[in-house]
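Engineer: Sharing query.tsv here; it has TSV, C-alpha atoms and all ligand atoms.
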chain	number	residue	atom	x	y	z
A	1	MET	CA	-13.31	-20.83	-5.43
A	2	ASP	CA	-12.72	-20.01	-9.06
A	3	GLU	CA	-9.40	-18.21	-9.36
A	4	GLY	CA	-9.63	-18.39	-13.15
A	5	LEU	CA	-12.92	-16.55	-13.11
A	6	PHE	CA	-11.60	-13.88	-10.72
A	7	ALA	CA	-8.63	-13.31	-13.02
A	8	ALA	CA	-10.89	-13.19	-16.09
A	9	VAL	CA	-13.01	-10.48	-14.51
A	10	ASP	CA	-9.90	-8.47	-13.60
A	11	ALA	CA	-8.76	-8.89	-17.20
A	12	PHE	CA	-12.09	-7.56	-18.49
A	13	ILE	CA	-11.91	-4.59	-16.12
A	14	GLY	CA	-8.36	-4.09	-17.38
A	15	GLU	CA	-9.55	-4.02	-20.99
A	16	THR	CA	-12.36	-1.57	-20.31
A	17	ILE	CA	-12.13	0.93	-17.48
A	18	VAL	CA	-8.59	0.44	-16.07
A	19	VAL	CA	-6.31	0.17	-19.08
A	20	GLU	CA	-2.58	0.22	-18.25
A	21	ASP	CA	-0.40	2.54	-20.30
A	22	GLU	CA	3.10	1.89	-21.63
A	23	ALA	CA	4.87	3.05	-18.46
A	24	LEU	CA	2.83	0.75	-16.22
A	25	ARG	CA	3.29	-2.22	-18.52
A	26	GLY	CA	6.99	-1.32	-18.58
A	27	ALA	CA	7.15	-1.30	-14.79
A	28	VAL	CA	5.58	-4.75	-14.62
A	29	ALA	CA	7.89	-6.07	-17.34
A	30	ALA	CA	11.00	-4.61	-15.68
A	31	ALA	CA	10.04	-6.15	-12.35
A	32	GLU	CA	9.46	-9.52	-13.95
A	33	ALA	CA	12.74	-9.35	-15.88
A	34	ALA	CA	14.59	-8.59	-12.63
A	35	GLY	CA	12.98	-11.57	-10.89
A	36	LEU	CA	10.75	-9.60	-8.50
A	37	PRO	CA	7.63	-11.43	-7.32
A	38	ALA	CA	4.45	-10.34	-9.16
A	39	ILE	CA	2.65	-9.19	-6.03
A	40	GLN	CA	1.94	-5.57	-6.94
A	41	VAL	CA	-1.61	-4.30	-6.57
A	42	SER	CA	-3.85	-5.33	-9.42
A	43	PRO	CA	-4.89	-2.63	-11.91
A	44	PRO	CA	-8.40	-2.30	-10.42
A	45	GLN	CA	-6.97	-2.05	-6.90
A	46	GLY	CA	-4.40	0.45	-8.12
A	47	ARG	CA	-7.12	2.62	-9.64
A	48	LEU	CA	-8.92	2.58	-6.31
A	49	LEU	CA	-5.73	3.85	-4.65
A	50	GLN	CA	-5.62	6.66	-7.21
A	51	LEU	CA	-9.22	7.59	-6.52
A	52	LEU	CA	-8.55	7.64	-2.77
A	53	VAL	CA	-5.51	9.88	-3.27
A	54	ARG	CA	-7.66	12.30	-5.23
A	55	LEU	CA	-10.68	12.09	-2.91
A	56	VAL	CA	-8.63	13.15	0.12
A	57	GLY	CA	-6.76	15.74	-1.94
A	58	ALA	CA	-3.53	14.12	-0.84
A	59	LYS	CA	-0.25	15.99	-1.18
A	60	ARG	CA	1.87	13.84	1.10
A	61	ILE	CA	1.82	10.07	0.84
A	62	LEU	CA	3.81	7.45	2.71
A	63	GLU	CA	4.03	3.92	1.32
A	64	PHE	CA	5.39	0.87	3.13
A	65	GLY	CA	6.66	-1.65	0.54
A	66	THR	CA	7.80	-0.34	-2.86
A	67	LEU	CA	8.53	-3.59	-4.73
A	68	GLY	CA	9.01	-2.51	-8.38
A	69	GLY	CA	7.25	0.82	-7.94
A	70	TYR	CA	3.91	-0.06	-9.49
A	71	SER	CA	1.64	1.30	-6.75
A	72	ALA	CA	4.03	4.21	-6.19
A	73	ILE	CA	3.74	5.25	-9.84
A	74	LEU	CA	-0.05	5.09	-9.65
A	75	MET	CA	-0.34	7.11	-6.46
A	76	ALA	CA	2.29	9.63	-7.59
A	77	ARG	CA	0.37	10.18	-10.80
A	78	ALA	CA	-2.74	10.98	-8.78
A	79	LEU	CA	-0.84	13.66	-6.80
A	80	PRO	CA	-0.73	17.31	-7.80
A	81	GLN	CA	2.55	18.63	-9.25
A	82	ASP	CA	3.81	19.69	-5.80
A	83	GLY	CA	2.71	16.44	-4.11
A	84	ARG	CA	5.30	14.08	-2.64
A	85	LEU	CA	5.39	10.35	-2.02
A	86	VAL	CA	7.94	8.63	0.20
A	87	THR	CA	8.12	4.87	-0.24
A	88	LEU	CA	10.02	2.44	1.99
A	89	GLU	CA	11.65	-0.71	0.63
A	90	ALA	CA	13.84	-3.19	2.49
A	91	ARG	CA	15.60	-4.64	-0.54
A	92	PRO	CA	18.08	-2.42	-2.42
A	93	GLU	CA	17.79	-4.49	-5.60
A	94	TYR	CA	14.02	-3.97	-5.65
A	95	ALA	CA	14.45	-0.26	-4.96
A	96	GLU	CA	16.79	0.04	-7.95
A	97	VAL	CA	14.23	-1.50	-10.28
A	98	ALA	CA	11.57	0.76	-8.81
A	99	ARG	CA	13.72	3.87	-9.21
A	100	ARG	CA	14.14	3.23	-12.92
A	101	SER	CA	10.47	2.49	-13.52
A	102	ILE	CA	9.30	5.48	-11.48
A	103	ASP	CA	11.66	7.79	-13.39
A	104	ALA	CA	10.59	6.28	-16.72
A	105	ALA	CA	6.96	6.93	-15.79
A	106	GLY	CA	7.75	10.64	-15.44
A	107	VAL	CA	7.02	11.00	-11.73
A	108	GLY	CA	10.59	10.67	-10.47
A	109	GLU	CA	10.73	14.11	-8.89
A	110	ARG	CA	7.66	13.40	-6.79
A	111	VAL	CA	8.86	10.07	-5.39
A	112	GLU	CA	11.56	9.37	-2.84
A	113	ILE	CA	12.56	5.75	-2.13
A	114	ARG	CA	14.14	4.97	1.23
A	115	VAL	CA	16.03	1.70	1.31
A	116	GLY	CA	16.09	-0.43	4.44
A	117	PRO	CA	13.68	-2.04	6.87
A	118	ALA	CA	10.76	0.34	7.24
A	119	LEU	CA	10.85	0.34	11.03
A	120	GLU	CA	14.40	1.69	10.84
A	121	ALA	CA	13.41	4.44	8.40
A	122	LEU	CA	10.66	5.81	10.63
A	123	PRO	CA	12.85	7.69	13.16
A	124	ASP	CA	14.49	9.57	10.28
A	125	LEU	CA	11.11	10.52	8.84
A	126	GLU	CA	10.14	11.72	12.31
A	127	ASP	CA	13.34	13.81	12.68
A	128	GLU	CA	12.81	15.34	9.26
A	129	LYS	CA	9.21	16.20	10.11
A	130	ALA	CA	8.15	14.36	6.95
A	131	GLY	CA	4.52	14.21	8.10
A	132	PRO	CA	1.75	14.70	8.69
A	133	PHE	CA	0.62	12.51	5.82
A	134	ASP	CA	-2.64	12.68	3.91
A	135	LEU	CA	-2.57	9.02	2.92
A	136	VAL	CA	-0.50	6.06	4.10
A	137	PHE	CA	-0.46	2.81	2.16
A	138	ILE	CA	0.78	-0.14	4.22
A	139	ASP	CA	1.95	-2.98	1.97
A	140	ALA	CA	5.29	-4.31	3.26
A	141	ASP	CA	6.05	-7.18	5.67
A	142	LYS	CA	2.67	-8.19	6.99
A	143	VAL	CA	3.79	-9.08	10.52
A	144	ASN	CA	4.54	-5.39	11.04
A	145	THR	CA	1.28	-4.02	9.64
A	146	PRO	CA	-0.01	-3.22	13.17
A	147	ASN	CA	3.25	-1.42	14.01
A	148	TYR	CA	3.15	0.60	10.80
A	149	PHE	CA	-0.50	1.38	11.39
A	150	ALA	CA	0.17	2.62	14.93
A	151	TRP	CA	2.98	4.86	13.70
A	152	ALA	CA	0.89	6.15	10.81
A	153	LEU	CA	-2.10	6.88	13.02
A	154	ASP	CA	-0.11	9.46	14.98
A	155	ARG	CA	1.12	11.05	11.77
A	156	THR	CA	-1.87	11.17	9.45
A	157	ARG	CA	-3.95	14.33	9.44
A	158	PRO	CA	-7.63	14.29	10.35
A	159	GLY	CA	-9.52	13.49	7.17
A	160	GLY	CA	-6.55	11.48	5.92
A	161	LEU	CA	-6.57	7.79	5.12
A	162	ILE	CA	-4.58	4.76	6.16
A	163	VAL	CA	-4.94	1.79	3.80
A	164	ALA	CA	-3.50	-1.63	4.62
A	165	ASP	CA	-3.26	-4.32	1.93
A	166	ASN	CA	-3.44	-8.08	2.47
A	167	VAL	CA	-5.39	-8.21	5.69
A	168	VAL	CA	-7.86	-10.99	4.74
A	169	ARG	CA	-5.31	-13.58	3.61
A	170	ASP	CA	-7.55	-16.24	2.03
A	171	GLY	CA	-10.04	-15.77	4.84
A	172	THR	CA	-7.64	-16.82	7.56
A	173	LEU	CA	-8.43	-13.43	9.14
A	174	ALA	CA	-11.52	-15.08	10.63
A	175	ASP	CA	-9.58	-17.97	12.18
A	176	ALA	CA	-8.60	-17.28	15.79
A	177	ALA	CA	-6.52	-20.46	15.82
A	178	ASP	CA	-4.44	-19.70	12.73
A	179	PRO	CA	-0.80	-19.86	13.82
A	180	ASP	CA	0.57	-17.77	10.94
A	181	GLU	CA	2.20	-14.64	12.37
A	182	ALA	CA	1.12	-12.49	9.43
A	183	THR	CA	-2.51	-13.51	9.92
A	184	ARG	CA	-2.29	-13.05	13.67
A	185	ALA	CA	-1.00	-9.54	13.07
A	186	GLN	CA	-4.05	-8.65	10.95
A	187	ARG	CA	-6.38	-10.04	13.63
A	188	ARG	CA	-4.56	-7.99	16.26
A	189	LEU	CA	-4.88	-4.86	14.14
A	190	HIS	CA	-8.61	-5.40	13.77
A	191	GLU	CA	-9.00	-6.00	17.50
A	192	THR	CA	-7.09	-2.82	18.27
A	193	LEU	CA	-9.42	-0.84	16.05
A	194	ARG	CA	-12.45	-2.04	18.01
A	195	ASN	CA	-11.51	0.52	20.68
A	196	GLU	CA	-9.85	3.18	18.57
A	197	PRO	CA	-12.01	6.30	18.37
A	198	ARG	CA	-9.42	8.10	16.27
A	199	VAL	CA	-10.43	6.21	13.13
A	200	SER	CA	-13.52	5.06	11.32
A	201	ALA	CA	-12.51	1.95	9.44
A	202	THR	CA	-13.67	-0.97	7.41
A	203	THR	CA	-12.19	-4.01	5.71
A	204	VAL	CA	-13.27	-4.89	2.20
A	205	GLN	CA	-12.75	-8.47	1.02
A	206	THR	CA	-11.45	-8.80	-2.53
A	207	VAL	CA	-11.11	-11.42	-5.22
A	208	GLY	CA	-9.23	-10.96	-8.46
A	209	VAL	CA	-6.04	-11.84	-10.25
A	210	LYS	CA	-4.31	-12.00	-6.85
A	211	GLY	CA	-6.81	-14.49	-5.42
A	212	TYR	CA	-8.80	-13.91	-2.24
A	213	ASP	CA	-7.64	-11.14	0.06
A	214	GLY	CA	-8.78	-7.75	1.24
A	215	PHE	CA	-7.76	-4.33	2.39
A	216	LEU	CA	-8.48	-2.18	5.38
A	217	VAL	CA	-9.34	1.50	4.95
A	218	ALA	CA	-9.26	3.82	7.96
A	219	LEU	CA	-10.34	7.45	7.93
A	220	VAL	CA	-8.62	9.51	10.61
A	221	GLU	CA	-11.19	11.43	12.63
A	222	PRO	CA	-10.71	14.95	13.99
A	223	ALA	CA	-9.24	14.98	17.51
B	1	LIG	N1	3.20	-1.78	-2.93
B	1	LIG	C1	3.79	-2.62	-3.97
B	1	LIG	C2	3.88	-4.06	-3.54
B	1	LIG	C3	4.71	-4.28	-2.29
B	1	LIG	S1	5.09	-6.00	-2.04
B	1	LIG	C4	2.92	-2.53	-5.21
B	1	LIG	O1	1.70	-2.71	-5.07
B	1	LIG	O2	3.43	-2.27	-6.30
B	1	LIG	C5	5.85	-5.91	-0.47
B	1	LIG	C6	7.22	-5.21	-0.47
B	1	LIG	O3	7.59	-4.97	0.88
B	1	LIG	C7	8.33	-6.07	-1.09
B	1	LIG	O4	9.01	-5.33	-2.06
B	1	LIG	C8	9.26	-6.35	0.09
B	1	LIG	O5	10.63	-6.42	-0.25
B	1	LIG	C9	8.99	-5.17	0.99
B	1	LIG	N2	9.34	-5.37	2.39
B	1	LIG	C10	9.31	-6.53	3.09
B	1	LIG	N3	9.69	-6.32	4.35
B	1	LIG	C11	9.96	-4.99	4.46
B	1	LIG	C12	10.40	-4.15	5.52
B	1	LIG	N4	10.65	-4.63	6.73
B	1	LIG	N5	10.57	-2.84	5.26
B	1	LIG	C13	10.32	-2.34	4.03
B	1	LIG	N6	9.91	-3.09	3.01
B	1	LIG	C14	9.73	-4.39	3.20
B	2	LIG	C1	2.55	-10.67	-0.85
B	2	LIG	C2	2.69	-9.32	-0.54
B	2	LIG	C3	1.71	-8.43	-0.97
B	2	LIG	O1	1.79	-7.11	-0.69
B	2	LIG	C4	0.63	-8.87	-1.71
B	2	LIG	O2	-0.30	-7.94	-2.09
B	2	LIG	C5	0.50	-10.21	-2.02
B	2	LIG	C6	1.46	-11.13	-1.59
B	2	LIG	C7	3.58	-11.61	-0.39
B	2	LIG	O3	4.52	-11.18	0.30
B	2	LIG	O4	3.48	-12.79	-0.72
B	3	MG	MG	0.00	-6.12	-1.11
Write out the structure in this file as structure tokens.
Ligand code: SAH
Ligand code: DHB
Ligand code: MG

Structural biologist:
Amino acid sequence: MDEGLFAAVDAFIGETIVVEDEALRGAVAAAEAAGLPAIQVSPPQGRLLQLLVRLVGAKRILEFGTLGGYSAILMARALPQDGRLVTLEARPEYAEVARRSIDAAGVGERVEIRVGPALEALPDLEDEKAGPFDLVFIDADKVNTPNYFAWALDRTRPGGLIVADNVVRDGTLADAADPDEATRAQRRLHETLRNEPRVSATTVQTVGVKGYDGFLVALVEPA
């Protein structure tokens, strides 16, 4: 595989149809300066998220895994003025960086960051009747992707989308013997969806600046 070539193509896409503005470059720089890992969605992937937000006419978004706020800024920008995004982040120091970048990008009033392990934040969201959601982006700890998906499925409106990042994992998704718990979780999620009439789903393999991975997109069907 040619990681250099994948990155070069992402760079070309980034110079042509998906050019980052000052706020996005600032968010990446702030995250790097604070020592956060550079694992945010790539610009082309981020643009796809924005298109999906707009295609479903999303007004309520839930994100698992904020990091430095890069994907949150993108999705919040694709929301209408009265749209809202709740994003869940386990690490307070990451959430602080994200808060500043999200505010600096001008979408602060649309975005709420909840700090703590996502599974612990879900009962509160339930109590507050935060859903139903129009789009859920699952991008936190990968071992819990099936748990987040199951929760989201009950709380995403028909016609809404659930997107899960990092399900292909260098192709290990296809390896039934892979012992990695994160990979096993993605296999389990796929196997669950075999018999799940409530969604129509696919997984798209990706290459790019982040190497070889892929995302799952699930459209929630009417009851
Ligand atoms: N969506 C971000 C990238 C998220 S990276 C973007 O594209 O810009 C994954 C994030 O999930 C990290 O910030 C990590 O701290 C967070 N995370 C890990 N385990 C978590 C958990 N149990 N609950 C919430 N967030 C978690
Ligand atoms: C990691 C997390 C991500 O969400 C991603 O897109 C790439 C890598 C990670 O935890 O290493
Ligand atoms: Mg990811």

Engineer: Grab the atom CA of A:Leu51 to atom CA of A:Ala27 distance for me, in Å with one decimal place.

Structural biologist: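 Result for atom CA of A:Leu51 versus atom CA of A:Ala27: 20.4 Å, one decimal.
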
Engineer: Could you tell me, counting all atoms listed in the file, which protein and nucleic acid residues lie no more than 7 Å from ligand LIG 1 (chain B), written as an NGL selection string?

Structural biologist: :A and (39-41 or 64-72 or 88-91 or 94 or 116-119 or 139-141)

Engineer: So, counting only C-alpha atoms, which residue among A:Asp154, A:Glu93, A:Asp2, A:Glu22 is closest to A:Ala105?

Structural biologist: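 Selected residue with least distance to A:Ala105: A:Glu22.
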
Engineer: Which residue is closest to ligand LIG 2 (chain B)? Choose from A:Val9, A:Ile17, A:Ile61, A:Ala164 and count only C-alpha atoms and all ligand atoms.

Structural biologist: A:Ala164

Engineer: Name the closest residue to ligand LIG 2 (chain B) among the candidates A:Arg54, A:Arg169, A:Arg198, A:Arg188; distances are taken between atoms, counting all atoms listed in the file.

Structural biologist: A:Arg169

Engineer: Calculated over only C-alpha atoms, which of the candidates A:Asn166, A:Gln81, A:Thr145, A:Thr192 has the smallest distance to A:Gln205?

Structural biologist: A:Asn166

Engineer: Restricting the calculation to all atoms listed in the file: of A:Ala121, A:Leu135, A:Ala30, A:Leu153, which residue gets closest to A:Ser101?

Structural biologist: A:Ala30
